[in-house]
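Source file: upload19.cif; contents: mmCIF, C-alpha atoms.
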data_data
loop_
_atom_site.label_atom_id
_atom_site.label_comp_id
_atom_site.auth_asym_id
_atom_site.auth_seq_id
_atom_site.Cartn_x
_atom_site.Cartn_y
_atom_site.Cartn_z
CA MET A 1 107.37 115.72 77.80
CA PRO A 2 104.84 114.54 75.17
CA LYS A 3 103.74 116.96 72.47
CA PRO A 4 100.33 118.53 73.30
CA SER A 5 98.57 116.70 70.45
CA VAL A 6 99.87 113.27 71.44
CA THR A 7 98.18 111.01 74.00
CA PRO A 8 100.77 110.74 76.79
CA LEU A 9 102.49 107.42 77.38
CA SER A 10 103.89 106.39 80.75
CA VAL A 11 105.80 103.40 82.13
CA LEU A 12 104.72 100.82 84.71
CA ASP A 13 107.77 98.86 85.85
CA LEU A 14 107.57 95.70 87.96
CA SER A 15 111.38 95.37 88.09
CA PRO A 16 111.20 91.85 86.63
CA VAL A 17 114.06 89.48 87.39
CA SER A 18 115.34 87.54 84.40
CA ALA A 19 116.67 84.00 84.61
CA GLY A 20 120.32 84.19 85.65
CA GLN A 21 119.93 87.72 86.99
CA THR A 22 120.14 88.89 90.61
CA PRO A 23 117.47 91.11 92.17
CA GLY A 24 120.09 93.84 92.49
CA GLU A 25 120.76 93.72 88.76
CA ALA A 26 117.01 93.91 88.09
CA LEU A 27 116.64 96.96 90.31
CA ARG A 28 119.61 98.70 88.71
CA SER A 29 117.99 97.98 85.35
CA THR A 30 114.90 99.83 86.62
CA LEU A 31 116.98 102.92 87.31
CA ASP A 32 118.60 102.72 83.89
CA LEU A 33 115.24 102.22 82.20
CA ALA A 34 113.79 105.22 84.03
CA ALA A 35 116.50 107.44 82.54
CA THR A 36 115.74 106.00 79.10
CA ALA A 37 112.01 106.63 79.55
CA GLU A 38 112.62 110.22 80.56
CA ALA A 39 114.88 110.86 77.58
CA SER A 40 112.30 109.24 75.27
CA GLY A 41 109.46 111.54 76.34
CA TYR A 42 107.38 109.32 78.65
CA SER A 43 105.34 111.29 81.19
CA ARG A 44 105.36 109.10 84.29
CA TYR A 45 107.42 106.26 85.69
CA TRP A 46 105.31 104.18 88.04
CA LEU A 47 106.32 101.23 90.18
CA ALA A 48 104.23 98.22 91.12
CA GLU A 49 104.09 96.37 94.43
CA HIS A 50 104.48 92.60 94.46
CA HIS A 51 105.63 90.32 97.26
CA LEU A 52 107.26 86.88 97.53
CA ASN A 53 107.91 86.50 93.79
CA THR A 54 111.29 85.15 92.67
CA GLY A 55 110.74 86.77 89.28
CA VAL A 56 109.84 90.28 90.50
CA ALA A 57 112.09 92.59 92.51
CA GLY A 58 109.55 95.42 92.83
CA SER A 59 108.32 94.84 96.37
CA ALA A 60 109.15 98.20 98.00
CA PRO A 61 107.76 100.87 95.64
CA HIS A 62 108.19 103.81 98.01
CA ILE A 63 111.91 103.17 98.42
CA LEU A 64 112.36 102.45 94.73
CA ALA A 65 110.44 105.61 93.80
CA GLY A 66 113.02 107.65 95.69
CA LEU A 67 115.84 105.95 93.82
CA VAL A 68 114.12 106.52 90.48
CA ALA A 69 113.48 110.18 91.29
CA SER A 70 117.16 110.59 92.16
CA ALA A 71 118.20 108.97 88.87
CA THR A 72 115.97 111.28 86.77
CA LYS A 73 115.23 115.00 86.58
CA THR A 74 111.77 115.76 85.18
CA ILE A 75 109.66 112.63 84.72
CA ARG A 76 106.88 112.12 87.28
CA VAL A 77 107.50 109.18 89.60
CA GLY A 78 104.98 107.19 91.60
CA THR A 79 103.25 103.96 92.55
CA ALA A 80 100.67 101.90 90.69
CA ALA A 81 99.74 100.93 93.11
CA THR A 82 100.50 101.25 96.81
CA LEU A 83 98.44 98.43 98.26
CA LEU A 84 96.53 99.84 101.21
CA GLY A 85 96.32 97.43 104.11
CA ASN A 86 99.96 96.51 103.73
CA TYR A 87 100.78 99.75 105.57
CA LYS A 88 99.21 102.17 108.00
CA PRO A 89 97.98 105.41 106.42
CA LEU A 90 100.49 107.49 108.38
CA GLN A 91 103.37 105.37 107.09
CA ILE A 92 102.32 105.98 103.49
CA ALA A 93 101.86 109.71 104.05
CA GLU A 94 105.26 110.07 105.68
CA SER A 95 107.07 107.96 103.07
CA ILE A 96 105.58 109.70 100.04
CA GLY A 97 105.64 113.04 101.84
CA THR A 98 109.38 112.64 102.31
CA LEU A 99 109.85 112.10 98.58
CA ALA A 100 107.47 114.90 97.63
CA ALA A 101 109.37 117.31 99.88
CA VAL A 102 112.66 116.47 98.16
CA PHE A 103 111.20 116.20 94.63
CA PRO A 104 108.34 118.73 94.57
CA ASP A 105 105.68 118.48 91.86
CA ARG A 106 107.00 115.13 90.62
CA LEU A 107 105.32 112.52 92.84
CA ASP A 108 102.23 110.42 92.08
CA LEU A 109 100.59 108.20 94.68
CA GLY A 110 98.33 105.46 93.36
CA PHE A 111 96.02 103.60 95.73
CA GLY A 112 95.26 99.91 95.19
CA ARG A 113 92.75 97.67 96.96
CA SER A 114 94.04 94.13 97.42
CA GLY A 115 93.93 91.74 100.32
CA PRO A 116 92.41 88.63 101.89
CA PRO A 117 88.67 87.95 101.47
CA LYS A 118 86.31 88.07 104.44
CA SER A 119 85.73 84.32 104.27
CA PRO A 120 87.17 81.32 102.41
CA SER A 121 84.09 81.27 100.17
CA GLU A 122 84.56 84.89 99.03
CA PRO A 123 87.06 85.73 96.27
CA ALA A 124 89.88 88.14 97.02
CA PRO A 125 89.50 91.65 95.55
CA GLY A 126 90.10 91.57 91.81
CA VAL A 127 89.91 87.77 91.56
CA VAL A 128 87.31 86.34 89.19
CA PRO A 129 85.53 83.32 90.66
CA ALA A 130 84.96 80.36 88.35
CA ALA A 131 81.18 80.79 88.52
CA ASP A 132 81.44 84.27 86.99
CA VAL A 133 83.48 83.31 83.95
CA ALA A 134 81.61 84.52 80.89
CA ALA A 135 80.20 81.85 78.61
CA ALA A 136 79.75 84.15 75.63
CA GLY A 137 83.40 84.12 74.65
CA ASP A 138 85.69 86.90 73.53
CA ARG A 139 84.39 90.18 72.10
CA VAL A 140 85.93 92.81 69.85
CA ILE A 141 84.73 96.34 70.60
CA ASP A 142 85.93 99.22 68.44
CA GLY A 143 88.85 97.09 67.34
CA LEU A 144 89.85 96.13 70.89
CA LEU A 145 89.79 92.51 72.08
CA ILE A 146 87.81 92.09 75.30
CA PRO A 147 88.40 88.48 76.33
CA SER A 148 86.26 86.35 78.58
CA PRO A 149 87.40 86.59 82.20
CA ARG A 150 89.49 83.73 83.54
CA PRO A 151 89.05 82.12 86.96
CA VAL A 152 92.18 82.78 89.00
CA PHE A 153 93.45 80.57 91.82
CA GLY A 154 90.32 78.42 92.01
CA ALA A 155 88.30 78.08 95.20
CA VAL A 156 91.19 78.33 97.69
CA LEU A 157 93.59 81.25 97.99
CA PRO A 158 97.10 79.88 97.31
CA ARG A 159 99.51 79.40 100.19
CA LYS A 160 101.80 82.16 98.92
CA PHE A 161 99.05 84.75 99.27
CA ARG A 162 97.95 83.45 102.66
CA LEU A 163 101.57 83.59 103.85
CA GLN A 164 102.02 87.05 102.39
CA GLY A 165 98.94 88.25 104.24
CA GLU A 166 100.22 86.83 107.52
CA LEU A 167 103.64 88.41 107.13
CA LEU A 168 102.15 91.82 106.29
CA GLY A 169 99.64 91.69 109.14
CA ARG A 170 96.55 91.49 106.93
CA VAL A 171 93.27 90.26 108.35
CA PRO A 172 90.21 88.94 106.47
CA GLY A 173 87.98 91.73 105.24
CA ASP A 174 90.42 94.57 105.94
CA THR A 175 89.88 95.84 102.40
CA ASP A 176 86.63 97.27 103.77
CA ASN A 177 88.87 100.02 105.22
CA PHE A 178 89.94 101.14 101.74
CA GLU A 179 87.87 104.33 101.53
CA THR A 180 88.74 105.39 105.07
CA ASP A 181 92.43 104.78 104.46
CA VAL A 182 92.40 106.80 101.24
CA GLN A 183 90.64 109.69 102.97
CA ASP A 184 93.04 109.55 105.93
CA ILE A 185 96.14 109.58 103.71
CA ILE A 186 94.87 112.53 101.70
CA GLY A 187 93.96 114.25 104.97
CA PHE A 188 97.53 113.95 106.26
CA PHE A 189 98.74 115.83 103.17
CA THR A 190 96.03 118.51 103.20
CA GLY A 191 95.89 119.01 106.98
CA ASP A 192 92.29 117.85 107.18
CA TYR A 193 92.98 114.62 109.09
CA ARG A 194 91.33 114.32 112.48
CA THR A 195 91.47 111.50 115.00
CA LYS A 196 88.27 109.85 116.16
CA HIS A 197 88.35 112.33 119.05
CA GLY A 198 88.63 115.31 116.71
CA GLU A 199 92.32 116.01 117.33
CA GLU A 200 94.42 117.60 114.60
CA VAL A 201 97.54 115.75 113.53
CA THR A 202 100.53 117.23 111.73
CA ALA A 203 102.25 114.59 109.61
CA THR A 204 105.69 116.00 108.87
CA PRO A 205 106.87 116.15 106.10
CA ALA A 206 103.63 115.21 104.32
CA LEU A 207 101.69 118.35 105.24
CA GLY A 208 101.58 120.68 102.26
CA GLN A 209 103.54 118.28 100.01
CA ALA A 210 100.63 116.52 98.33
CA PRO A 211 101.46 114.27 95.37
CA GLN A 212 98.98 113.66 92.56
CA PHE A 213 96.55 111.04 93.89
CA TRP A 214 95.23 108.19 91.73
CA ILE A 215 93.01 105.19 92.41
CA HIS A 216 93.58 102.00 90.43
CA GLY A 217 91.10 99.20 89.83
CA SER A 218 90.51 96.06 87.81
CA THR A 219 86.74 95.72 88.09
CA ALA A 220 83.54 97.77 88.22
CA GLY A 221 83.83 97.67 91.98
CA PRO A 222 84.66 99.81 95.04
CA SER A 223 87.87 101.28 93.63
CA ALA A 224 86.24 102.60 90.46
CA ARG A 225 83.32 104.02 92.42
CA LEU A 226 85.55 105.68 95.01
CA ALA A 227 87.75 107.29 92.35
CA GLY A 228 84.60 108.79 90.86
CA LYS A 229 83.16 109.86 94.19
CA LEU A 230 86.36 111.66 95.19
CA GLY A 231 86.92 113.18 91.76
CA LEU A 232 90.33 111.55 91.38
CA PRO A 233 91.96 110.18 88.20
CA PHE A 234 91.47 106.45 87.67
CA GLY A 235 93.89 103.77 86.50
CA ALA A 236 92.10 101.00 84.57
CA ASN A 237 93.74 97.62 84.21
CA TYR A 238 93.80 96.17 80.69
CA LEU A 239 97.23 94.75 81.54
CA VAL A 240 96.15 92.19 84.16
CA ALA A 241 92.35 92.11 83.89
CA PRO A 242 91.46 92.92 80.26
CA ALA A 243 87.99 91.41 80.56
CA GLY A 244 86.81 94.11 82.96
CA VAL A 245 88.49 97.23 81.61
CA LEU A 246 85.46 98.79 79.89
CA ASP A 247 83.13 98.03 82.78
CA SER A 248 85.52 99.50 85.34
CA ILE A 249 85.90 102.72 83.34
CA ALA A 250 82.14 103.01 82.86
CA GLU A 251 81.62 102.56 86.60
CA TYR A 252 84.17 105.26 87.34
CA ARG A 253 82.65 107.73 84.92
CA SER A 254 79.10 107.09 86.08
CA HIS A 255 80.11 107.91 89.68
CA PHE A 256 82.37 110.85 88.89
CA GLU A 257 81.88 114.06 90.85
CA PRO A 258 83.96 117.16 90.01
CA SER A 259 86.58 118.05 92.60
CA ALA A 260 89.39 120.52 93.18
CA ALA A 261 91.68 118.01 91.47
CA LEU A 262 89.51 117.29 88.43
CA GLN A 263 86.50 118.82 86.72
CA GLU A 264 86.06 115.87 84.36
CA PRO A 265 86.91 112.14 84.52
CA HIS A 266 90.53 111.29 83.70
CA VAL A 267 91.61 107.74 82.88
CA ILE A 268 94.94 106.05 82.29
CA VAL A 269 94.77 102.50 80.88
CA SER A 270 97.56 99.95 81.25
CA ALA A 271 98.73 97.58 78.52
CA ASP A 272 101.46 94.98 78.10
CA VAL A 273 103.61 95.82 75.07
CA LEU A 274 106.67 94.44 73.32
CA VAL A 275 108.11 96.25 70.29
CA ALA A 276 111.01 95.19 68.08
CA PRO A 277 112.25 96.41 64.68
CA ASN A 278 110.16 93.72 62.93
CA GLU A 279 107.34 91.37 63.83
CA HIS A 280 109.44 88.19 63.59
CA GLN A 281 111.95 89.50 66.08
CA ALA A 282 109.19 90.75 68.40
CA GLN A 283 107.48 87.35 68.43
CA ARG A 284 110.78 85.68 69.29
CA LEU A 285 111.45 88.07 72.16
CA ALA A 286 107.89 87.50 73.38
CA ARG A 287 108.59 83.86 74.19
CA GLY A 288 108.39 83.04 77.88
CA TYR A 289 105.54 85.42 78.61
CA ALA A 290 102.90 82.70 78.94
CA GLN A 291 105.09 80.76 81.36
CA TRP A 292 105.72 83.92 83.39
CA VAL A 293 101.98 84.71 83.54
CA TYR A 294 101.16 81.13 84.46
CA GLY A 295 103.38 81.38 87.52
CA ILE A 296 101.33 84.37 88.65
CA ARG A 297 97.92 83.00 87.70
CA SER A 298 98.56 79.61 89.29
CA GLY A 299 99.43 81.26 92.60
CA GLN A 300 103.03 80.07 92.63
CA GLY A 301 104.39 83.53 91.85
CA ALA A 302 106.20 85.02 88.88
CA ILE A 303 109.19 82.95 87.77
CA PRO A 304 112.48 84.52 86.67
CA TYR A 305 111.76 85.54 83.09
CA PRO A 306 113.23 82.89 80.74
CA SER A 307 115.30 83.58 77.65
CA PRO A 308 113.60 83.10 74.26
CA ASP A 309 115.55 79.88 73.68
CA ASP A 310 114.95 78.45 77.16
CA ALA A 311 111.24 79.21 76.89
CA LEU A 312 110.99 76.60 74.13
CA ASP A 313 111.84 73.97 76.74
CA LEU A 314 109.03 75.12 79.06
CA PRO A 315 105.82 74.07 77.27
CA LEU A 316 102.47 74.61 78.98
CA ASP A 317 99.69 72.04 79.04
CA VAL A 318 96.20 72.80 77.74
CA GLU A 319 94.88 73.86 81.14
CA ALA A 320 97.76 76.27 81.69
CA GLU A 321 97.36 77.73 78.22
CA GLU A 322 93.68 78.37 78.88
CA LEU A 323 94.49 80.06 82.18
CA THR A 324 96.87 82.49 80.48
CA LYS A 325 95.11 82.94 77.13
CA ASP A 326 93.50 86.30 77.90
CA ARG A 327 96.84 87.81 78.92
CA VAL A 328 98.70 86.40 75.92
CA ASP A 329 95.99 87.45 73.46
CA THR A 330 95.86 91.03 74.78
CA ARG A 331 99.61 91.60 74.79
CA PHE A 332 100.56 93.97 71.99
CA VAL A 333 103.55 92.43 70.21
CA GLY A 334 104.99 93.55 66.88
CA ASP A 335 106.86 96.24 65.03
CA PRO A 336 106.41 99.91 66.01
CA HIS A 337 103.61 100.50 63.50
CA GLN A 338 101.66 97.38 64.52
CA VAL A 339 101.86 98.11 68.24
CA SER A 340 101.01 101.79 67.81
CA HIS A 341 97.92 100.77 65.83
CA LYS A 342 96.80 98.44 68.63
CA LEU A 343 97.41 101.08 71.28
CA ARG A 344 95.34 103.58 69.34
CA ALA A 345 92.51 101.05 69.29
CA LEU A 346 92.87 100.71 73.07
CA GLN A 347 92.80 104.46 73.52
CA HIS A 348 89.79 104.83 71.22
CA ALA A 349 87.75 102.03 72.80
CA THR A 350 88.39 103.20 76.37
CA GLY A 351 88.47 106.97 75.78
CA ALA A 352 91.64 107.06 77.90
CA GLN A 353 93.46 110.35 78.34
CA GLU A 354 96.75 108.50 78.95
CA LEU A 355 98.21 105.03 78.37
CA LEU A 356 100.46 103.11 80.77
CA ILE A 357 102.96 100.73 79.18
CA THR A 358 104.57 97.65 80.71
CA THR A 359 107.27 95.84 78.75
CA ILE A 360 108.93 92.64 79.93
CA ALA A 361 111.67 90.79 78.10
CA HIS A 362 114.58 88.62 79.11
CA HIS A 363 117.29 91.10 78.13
CA HIS A 364 117.31 94.61 79.55
CA ALA A 365 118.51 96.01 76.23
CA ASP A 366 115.41 94.61 74.51
CA ARG A 367 113.14 96.32 77.04
CA GLN A 368 114.94 99.62 76.51
CA SER A 369 114.73 99.29 72.75
CA SER A 370 111.02 98.48 72.92
CA TYR A 371 110.24 101.67 74.83
CA GLN A 372 112.45 103.76 72.54
CA LEU A 373 110.91 102.36 69.35
CA LEU A 374 107.39 102.91 70.67
CA ALA A 375 108.14 106.48 71.77
CA GLU A 376 109.46 107.35 68.32
CA ALA A 377 106.53 105.75 66.50
CA TRP A 378 104.01 107.35 68.84
CA GLY A 379 105.51 110.80 68.38
CA LEU A 380 106.60 111.57 71.92
#

Take the structure in the file and write it out as structure tokens.
Amino acid sequence: MPKPSVTPLSVLDLSPVSAGQTPGEALRSTLDLAATAEASGYSRYWLAEHHLNTGVAGSAPHILAGLVASATKTIRVGTAATLLGNYKPLQIAESIGTLAAVFPDRLDLGFGRSGPPKSPSEPAPGVVPAADVAAAGDRVIDGLLIPSPRPVFGAVLPRKFRLQGELLGRVPGDTDNFETDVQDIIGFFTGDYRTKHGEEVTATPALGQAPQFWIHGSTAGPSARLAGKLGLPFGANYLVAPAGVLDSIAEYRSHFEPSAALQEPHVIVSADVLVAPNEHQAQRLARGYAQWVYGIRSGQGAIPYPSPDDALDLPLDVEAEELTKDRVDTRFVGDPHQVSHKLRALQHATGAQELLITTIAHHHADRQSSYQLLAEAWGL
């Protein structure tokens, strides 16, 4: 575990699939990386939820969380985030309750709000419409780059996301159920859940096995406000939506009400990081990131992560570079000292109590080394 004087670092793993790698190999790399993270002093190992991406194997975080917990001994394991609406509240409570019963005091459950918009003219949650893109340009606040937001997907939700919604049984506007779903899931764990007719429900094995609950958000919107209202810790997204990180945290703090879980606001902020022994090597290993992000931002889905050499043969045009610029510019790449300095600026600017690190590289060994080098430099 981190030393008391050190801001804790944790891991967010998407289980990326590299070019030439099978999904099974990517998932086994996740288990290996979790053991490395635990040995290096990271506090939490969280798993993301993505669907229909050839370059991401992390689509079933509850199952993968159980595998990670089995492959480790002390590190906290959880989701960042479980996307409500893709499941029924009882399913989530039973799945995480099962893990919490087997691995007591080690489970975290993060709630995420993502889904189809109410109408074709309304952006999906977390998506920045073109009309809202800031004209003022990038800003630097307390040493931290806050880029202008980028329009994502354009006016029409891409086919992949429409198909994903159909396959998962999503309906337009179902994100309006977010607060109710969060309250219901927590109620299954605490025993406070009641049906609309007032009936008590015992959700075995969730009852009495509560994980640590988190709410994650990318904007100063419903997720940030709900985290504050319920007095839960909040996960702010500098990783994917750097333009809105300060606003989302401010919204959370302004709505915070003390609870049994927390007396004061508690924030973890995500960042994309790549560390190597020297800056030249880090910049080489960082190749391919823009292409990988473009696959996501364009709506096609994440591509298998290319090797540094192959990435040279995948140039992006001007439009694609502009679409990915905020992500590329806010990725912390360099030697251990350089990256630690940038992370301290992130922590200072946001006032975060914890930082959440994602590292993606073509070779698994380079990902492992990055986390190990950062842990040593940070003082875990």

message: As a check of understanding, name the residues that the PyMOL selection byres ((chain A and resi 348) around 12) selects in the supplied structure, as an MDAnalysis selection string.
response: chainID A and resid 7 141:144 246 269 341:347 349:355

- request: Please write the residues picked by the PyMOL selection byres ((chain A and resi 327) around 12) on this file as a PyMOL selection string.
  value: chain A and resi 145-150+237-243+271-273+289-294+296-297+320-326+328-333

- request: Name the residues that the PyMOL selection byres ((chain A and resi 56) around 8) picks from the file above, as a list in words, using the file's chain letters and numbers.
  value: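 Checking the PyMOL selection byres ((chain A and resi 56) around 8) against this file, the residues are Leu14, Ser15, Pro16, Val17, Pro23, His50, His51, Asn53, Thr54, Gly55, Ala57, Gly58, Ser59, Ala302, Ile303 and Pro304 of chain A.
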
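Distances here use all atoms listed in the file; by that measure, the residue among A:Glu279, A:Glu319, A:Asp13, A:Asp247 closest to Ala224 of chain A is A:Asp247.
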
- prompt: From the set A:Pro151, A:Gly334, A:Pro104, A:Gly301, which residue has the shortest atom-to-atom contact distance to Lys73 of chain A, counting all atoms listed in the file?
  reply: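 Closest to Lys73 of chain A of all the choices is A:Pro104.
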
- request: Work out how far apart atom CA of Val245 of chain A and atom CA of Arg113 of chain A are and give it in Å to one decimal.
  value: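 A separation of 15.9 Å between them.
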
message: Ranking A:Arg159, A:Arg44, A:Arg367, A:His216 by minimum distance to Ala80 of chain A and counting all atoms listed in the file, which one comes first?
response: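 Checking each candidate against Ala80 of chain A, we get A:His216 as the closest.
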
Would you pick out the contacts of segment 105-111 of chain A at 9 Å or less, using all atoms listed in the file, so that residues sharing its chain but fewer than 5 positions from it are not included, and give the list as an mmCIF file with C-alpha atoms, in the frame of the given file?
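Result file follows (result00.cif):
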data_model
loop_
_atom_site.group_PDB
_atom_site.id
_atom_site.type_symbol
_atom_site.label_atom_id
_atom_site.label_comp_id
_atom_site.auth_asym_id
_atom_site.auth_seq_id
_atom_site.Cartn_x
_atom_site.Cartn_y
_atom_site.Cartn_z
ATOM 1 C CA ARG A 44 105.360 109.100 84.290
ATOM 2 C CA TRP A 46 105.310 104.180 88.040
ATOM 3 C CA ALA A 65 110.440 105.610 93.800
ATOM 4 C CA ALA A 69 113.480 110.180 91.290
ATOM 5 C CA THR A 74 111.770 115.760 85.180
ATOM 6 C CA ILE A 75 109.660 112.630 84.720
ATOM 7 C CA ARG A 76 106.880 112.120 87.280
ATOM 8 C CA VAL A 77 107.500 109.180 89.600
ATOM 9 C CA GLY A 78 104.980 107.190 91.600
ATOM 10 C CA THR A 79 103.250 103.960 92.550
ATOM 11 C CA ALA A 80 100.670 101.900 90.690
ATOM 12 C CA ALA A 81 99.740 100.930 93.110
ATOM 13 C CA THR A 82 100.500 101.250 96.810
ATOM 14 C CA LEU A 83 98.440 98.430 98.260
ATOM 15 C CA LEU A 84 96.530 99.840 101.210
ATOM 16 C CA ILE A 96 105.580 109.700 100.040
ATOM 17 C CA LEU A 99 109.850 112.100 98.580
ATOM 18 C CA ALA A 100 107.470 114.900 97.630
ATOM 19 C CA PHE A 178 89.940 101.140 101.740
ATOM 20 C CA VAL A 182 92.400 106.800 101.240
ATOM 21 C CA GLN A 209 103.540 118.280 100.010
ATOM 22 C CA ALA A 210 100.630 116.520 98.330
ATOM 23 C CA PRO A 211 101.460 114.270 95.370
ATOM 24 C CA GLN A 212 98.980 113.660 92.560
ATOM 25 C CA PHE A 213 96.550 111.040 93.890
ATOM 26 C CA TRP A 214 95.230 108.190 91.730
ATOM 27 C CA ILE A 215 93.010 105.190 92.410
ATOM 28 C CA HIS A 216 93.580 102.000 90.430
ATOM 29 C CA GLY A 217 91.100 99.200 89.830
ATOM 30 C CA SER A 223 87.870 101.280 93.630
ATOM 31 C CA PHE A 234 91.470 106.450 87.670
ATOM 32 C CA GLY A 235 93.890 103.770 86.500
#

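Distances from A:Ala375, A:Ile268, A:Ala227, A:Leu52 to Ser254 of chain A were compared using only C-alpha atoms, and the smallest one belongs to A:Ala227.
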
task: Just give me the residues with any atom within 8 Å of (93.5, 94.3, 99.8), file coordinates, counting only C-alpha atoms, written as a ChimeraX atom specification.
output: /A:83-86,112-116,124-125,174-175,178

query: Excluding same-chain residues fewer than 5 positions from segment 35-41 of chain A, what lies within 9 Å of it counting only C-alpha atoms, as a list in words?
result: Met1, Pro2, Lys3, Pro8, Leu9, Ser10, Val11, Thr30, Val68, Ala71, Thr72, Lys73, Thr74, Ile75, Gln368, Tyr371, Gln372, Ala375, Glu376, Gly379 and Leu380 of chain A

task: Go ahead and compute the interatomic distance for atom CA of Ala250 of chain A and atom CA of Ser43 of chain A, in Å to one decimal.
output: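 Going from atom CA of Ala250 of chain A over to atom CA of Ser43 of chain A covers 24.7 Å.
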
message: Please list as a ChimeraX atom specification every residue within 6 Å of Ala206 of chain A, counting all atoms listed in the file and excluding residues in the same chain fewer than 6 positions away.
response: /A:93-94,97,189

query: From the set A:Gly20, A:Gly173, A:Gly198, A:Pro222, which residue has the shortest atom-to-atom contact distance to Ser307 of chain A, counting all atoms listed in the file?
result: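 Answer, going by the shortest atom-to-atom distance: A:Gly20.
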
- prompt: What is the distance, in Å and to one decimal place, between atom CA of Tyr305 of chain A and atom CA of His362 of chain A?
  reply: 5.8 Å

message: When you count only C-alpha atoms, which of these residues is closest to Gly228 of chain A: A:Arg28, A:Lys196, A:Arg170, A:His266?
response: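 So, comparing all the options, the nearest one is A:His266.
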
query: Quick one: residues within 8 Å of Pro308 of chain A, only C-alpha atoms counted, chain neighbours fewer than 5 positions away excluded, as a list of chain:residue names?
result: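 Once the adjacent positions are removed, what remains is A:Arg284, A:Leu285, A:Ala286, A:Arg287, A:Gly288, A:His362.
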
- prompt: What residues have an atom no more than 12 Å from (94.5, 121.6, 108.1) in the file's own frame, counting only C-alpha atoms, and can you write them as a VMD selection string?
  reply: chain A and resid 186 to 194 199 to 203 206 to 208

Emit a file covering segment 27-31 of chain A of the preceding structure with all heavy atoms, as a tab-separated table (two decimals), in the first residue's frame.
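Below is the file that was written, result_20.tsv:
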chain	number	residue	atom	x	y	z
A	27	LEU	N	-6.26	-10.45	-22.15
A	27	LEU	CA	-6.87	-10.63	-20.84
A	27	LEU	C	-5.88	-11.28	-19.86
A	27	LEU	O	-5.84	-10.92	-18.67
A	27	LEU	CB	-8.13	-11.48	-20.96
A	27	LEU	CG	-9.28	-10.79	-21.72
A	27	LEU	CD1	-10.38	-11.79	-22.04
A	27	LEU	CD2	-9.84	-9.63	-20.90
A	28	ARG	N	-5.09	-12.20	-20.33
A	28	ARG	CA	-4.06	-12.79	-19.45
A	28	ARG	C	-3.01	-11.74	-19.08
A	28	ARG	O	-2.47	-11.77	-17.96
A	28	ARG	CB	-3.43	-14.01	-20.12
A	28	ARG	CG	-4.34	-15.24	-20.11
A	28	ARG	CD	-3.62	-16.47	-20.60
A	28	ARG	NE	-3.41	-16.45	-22.04
A	28	ARG	CZ	-4.29	-16.87	-22.95
A	28	ARG	NH1	-5.47	-17.36	-22.55
A	28	ARG	NH2	-4.02	-16.83	-24.23
A	29	SER	N	-2.75	-10.81	-19.99
A	29	SER	CA	-1.84	-9.71	-19.66
A	29	SER	C	-2.42	-8.83	-18.55
A	29	SER	O	-1.68	-8.32	-17.70
A	29	SER	CB	-1.56	-8.86	-20.91
A	29	SER	OG	-0.81	-9.58	-21.86
A	30	THR	N	-3.73	-8.66	-18.54
A	30	THR	CA	-4.38	-7.91	-17.47
A	30	THR	C	-4.12	-8.56	-16.12
A	30	THR	O	-3.80	-7.89	-15.14
A	30	THR	CB	-5.90	-7.80	-17.74
A	30	THR	OG1	-6.14	-6.79	-18.71
A	30	THR	CG2	-6.67	-7.44	-16.47
A	31	LEU	N	-4.25	-9.87	-16.05
A	31	LEU	CA	-4.02	-10.57	-14.79
A	31	LEU	C	-2.57	-10.44	-14.34
A	31	LEU	O	-2.28	-10.24	-13.16
A	31	LEU	CB	-4.40	-12.05	-14.92
A	31	LEU	CG	-5.84	-12.34	-15.35
A	31	LEU	CD1	-6.10	-13.83	-15.35
A	31	LEU	CD2	-6.84	-11.62	-14.45
